[in-house]
Each structure stands twice: as structure tokens, then as C-alpha cells.
Amino acid sequence: MKMIHTADWHLGKRLNGHSFLEDQRHVLKQFVDAMEEEQPDVIVIAGDIYDTAHPNKSVVTLFEETIQQLNLKMHIPIVMINGNHDSKERLSYGASWFNNSQLFIRTTLASFFEPILFEDVALYTLPFFTVSEAREYLEEQVESYEEAVKKFVQRVQSQLDVTKKNVLVGHFTLNGAPKSDSERDLTIGTIEAVSPKYLEGFDSVLLGHIHHPFALDYDHIFYSGSLLQYSFSEVNQAKGYRVIEWHADGMQQTFKRFVPQYELEVVEGTYEDVVNGRFERKSDNSYFHFKLREMHHVTEPMQKLKQLYPNTLALTPEVFVASVSTEQTPHIKQLQPMTIINQFYEMHTDTSLSDIQQAYLETLMTEQREGN
């Protein structure tokens with residue numbers, strides 16, 4: 001039994017105004033070609049197919065063309081769930097009809113209790129949900145995402161068939177998984193990370209949401225990672241898909257990389273070095289974030305950089321503040337809080353706090369001391 005695990009395509013993603021649609025088309029063609037060779041029994045897409053709830057026509061067309069190649073032409077069954085970026089209504093439109101071609105689009109909490117069977121593997125799909133949706137479905141008080149997942153797993157335990165390989169497909173953050181800048185929080189004001197101890201009973205857990213494919217160190221819980229590097233915090237992260245194979249003696253997994261059209265790169269140095277090409281890079285067409293020094297004399301530096309490196313997406317001036325000797329404040333622990341704040345402000349701005357600023361800070365500190 002061979003299963004392909006992928007997630008976080010984020011079709012339609014933009015970074016600093018740049019559309020990744022053609023980059024996504026480039027990588028999805030690699031994915032389709034790879035599936036011709038892999039010949040899997042099923043492809044699992046663990047959420048965030050789209051980057052927004054309202055993708056435009058060209059984005060939807062890319063998704064439909066890809067699924068058509070995989071499902072209708074190559075006859076590969078596909079199981080997908082919605083992520084926190086997806087619109088459940090848009091993604092699930094026509095889902096009951098698509099079941100006929102073994103394209104299983106799961107967006108409801110009730111579907112978690114209706115496993116999809118492939119040979120001796122049972123897939124339990126837990127699409128992204130809000131805490132309020134979980135509370136309404138479970139008809140119980142639920143305070144956090146973790147508590148909701150715990151209750152869902154407890155309820156499904158009795159129907160797990162121990163003679164089969166039970167696989168959970170979900171879209172959430174597992175405790176200890178690092179997030180990148182391009183991952184939107186699942187919830188606001190509640191604990192969203194889920195402890196792995198609440199996933200017991202499943203032989204494997206295939207997740208979406210975290211973009212790093214090696215974010216976890218478990219032998220049965222995996223993130224596939226995202227389709228591409230979608231933020232500069234993901235520089236040098238591998239991107240690809242995961243192959244899960246079940247044999248008589250257990251499970252084996254392999255991660256296979258995509259080759260992107262262009263990669264994201266962060267470059268630090270001086271403006272003169274960069275405009276004269278004196279820096280290491282993978283390509284002049286990489287998506288660059290330049291962090292440059294000695295550019296105070298340059299007018300419109302971004303425009304000049306784009307002429308040389310057309311895929312420049314970000315420019316940050318690097319300003320170094322001269323280190324201040326600790327001898328200037330040898331008795332800092334003896335100083336009043338407002339004095340410390342004022343000295344810090346003067347050190348970085350060469351001006352003192354105004355009377356209004358000092359009064360505002362005094363009010364904040366008084367409220368803090370009084371516990372308000």
C-alpha cells in the first residue's frame with residue numbers, strides 16, 4: 001500500500017505583492033510527473049489547498065487542471081481536507097458527485113467518523129474547524145483546539161479496527177512544531193497546539209498547517225510541508241512530498257524534494273557589494289530579501305536593485321548602533337525605572353522623552369504596579 005502525503009499548496013499565494021502562481025504551476029507539473037512514476041494507491045492532501053477563501057479564476061483553474069490530471073486521467077484516488085485558509089463551501093462544492101471518481105473532499109466534522117477504506121488502511125479525516133464549531137458539533141463545552149481534538153479522538157476510539165492501519169489526516173499544530181511567518185494562527189485567544197498523547201490509537205498521523213517537513217521527530221506523525229518556500233523564514237527549507245508505504249513488517253516513509261523555479265534568499269552586506277555582484281547567490285533570479293548597510297546616500301535603492309535582480313521582494317536597511325560602554329550606567333539596578341527608560345531612549349534617538357511621553361509611561365507603570 002503506497003500513500004502520498006502532501007499539504008499546504010496555498011495556491012494563489014502572494015509575497016510582498018508577488019504572485020507565486022507560475023512557480024506553483026512549475027512545481028505541480030513536477031508533482032504530476034512524479035505521480036506517474038510513483039503510481040500510488042492514494043494521494044492525501046492535508047489542507048490549505050488555496051491561500052485565500054476567495055481564489056481567483058486562474059488559481060482555481062490551476063487546481064482543477066492538476067486534480068484532473070491526477071484523478072481523472074491517471075485514476076489515482078485523492079483524499080483532501082480543508083485547512084484554515086480554505087473556504088469549506090467552495091472546496092466541497094460537488095463533493096458528493098466527485099466521490100464517484102474517488103475524489104474524496106472532506107470538510108465536515110461528521111466525516112471524521114466515516115473512515116475511507118483503501119485495502120487494509122482506514123483514513124480518518126479531521127478537517128480544520130474552529131473551537132465554536134467543535135463545541136456545537138460535540139454539544140459539549142470546549143475551551144481550546146487541543147481539547148476539541150482530544151474529544152474527537154476519544155469518541156472515535158471505539159470504532160478503530162485493530163486489524164487495519166488507522167491513519168488520521170488533520171490540519172493543526174502539534175506541540176513543539178515551529179511555525180513560519182507564512183502560517184496563519186488557527187485560533188485567537190486559545191491554545192491551538194495539540195499534544196501527541198491525544199492522538200494515541202492511530203498507526204500514523206498525516207498533518208498540514210506547519211510548512212517545515214521535518215518539524216517533528218516522531219516515527220509515525222508527519223507534516224508534509226508546503227509546496228514552496230512562502231516566506232523568508234522558510235529559506236533553505238526542503239519542499240516536496242512524502243511517500244508512506246505499508247508493508248507486512250511495518251511502515252516506511254521517504255521524503256522527496258521538488259526543484260523550484262526560483263528559491264528565496266536572504267542576503268546581508270553592503271549596498272555597493274550587492275550592486276556590483278560581490279555576494280554569494282544561487283541565481284540572479286532568486287527571490288531576494290536584501291539586508292544592506294551603507295545605503296543612506298542612495299535614492300530609490302529598491303528600484304535600482306530590481307533593475308539588477310528583478311525578483312527582489314524586500315529591502316531592509318541595516319543600521320548599526322555603536323555599542324555603549326557599561327561604565328556609563330554602572331549602577332543601573334539603583335536607578336529609577338523612568339531614568340532607565342529615558343537613558344535608553346536618549347541612547348537610540350539622541351533626544352529625551354517629552355513631558356507627554358513621560359506622563360504616559362508613568363501612568364502605565366502605575367497601572368502595572370497596581371495590577372490593573
# chains A, B, ... in the order shown; residues from 1 in each chain; ligands from 1

call {"tool": "residues_around", "arguments": {"residues": "Ser87 (chain A)", "least_positions_apart": "5", "cutoff": "10 Å", "atoms": "only C-alpha atoms", "output": "PyMOL selection string"}}
result
chain A and resi 48-55+82+92+107

call {"tool": "residues_around", "arguments": {"residues": "region 237-243 of chain A", "least_positions_apart": "5", "cutoff": "6 Å", "atoms": "only C-alpha atoms", "output": "NGL selection string"}}
result
:A and (3-6 or 224 or 227-228 or 253-258)

call {"tool": "atom_distance", "arguments": {"atom1": "CA of His10 (chain A)", "atom2": "CA of Leu109 (chain A)"}}
result
22.1 Å

call {"tool": "select_by_dssp", "arguments": {"residues": "region 200-301 of chain A", "states": "alpha helix (DSSP H)", "output": "JSON, numbers by chain"}}
result
{"A": [271, 272, 273, 274, 275, 301]}

call {"tool": "closest_residue", "arguments": {"among": "A:Pro115, A:Glu263, A:Arg106, A:Asp8", "to": "Asn236 (chain A)", "atoms": "only C-alpha atoms"}}
result
A:Glu263

call {"tool": "residues_around", "arguments": {"residues": "Gln39 (chain A)", "least_positions_apart": "5", "cutoff": "10 Å", "atoms": "only C-alpha atoms", "output": "list in words"}}
result
Lys2, Met3, Ile4, Ala34, Met74, His75 and Ile76 of chain A

call {"tool": "closest_residue", "arguments": {"among": "A:Trp97, A:Leu62, A:Asp203, A:Phe290", "to": "Gln252 (chain A)", "atoms": "only C-alpha atoms"}}
result
A:Asp203

call {"tool": "closest_residue", "arguments": {"among": "A:Asp355, A:Leu315, A:Tyr230, A:Ile78", "to": "Glu300 (chain A)", "atoms": "only C-alpha atoms"}}
result
A:Leu315

call {"tool": "atom_distance", "arguments": {"atom1": "CA of Val169 (chain A)", "atom2": "CA of Ile116 (chain A)"}}
result
10.9 Å

call {"tool": "atom_distance", "arguments": {"atom1": "CA of Ala46 (chain A)", "atom2": "CA of Ile221 (chain A)"}}
result
12.9 Å

call {"tool": "closest_residue", "arguments": {"among": "A:Tyr223, A:Phe232, A:Phe129, A:Tyr145", "to": "Ala314 (chain A)", "atoms": "only C-alpha atoms"}}
result
A:Phe232
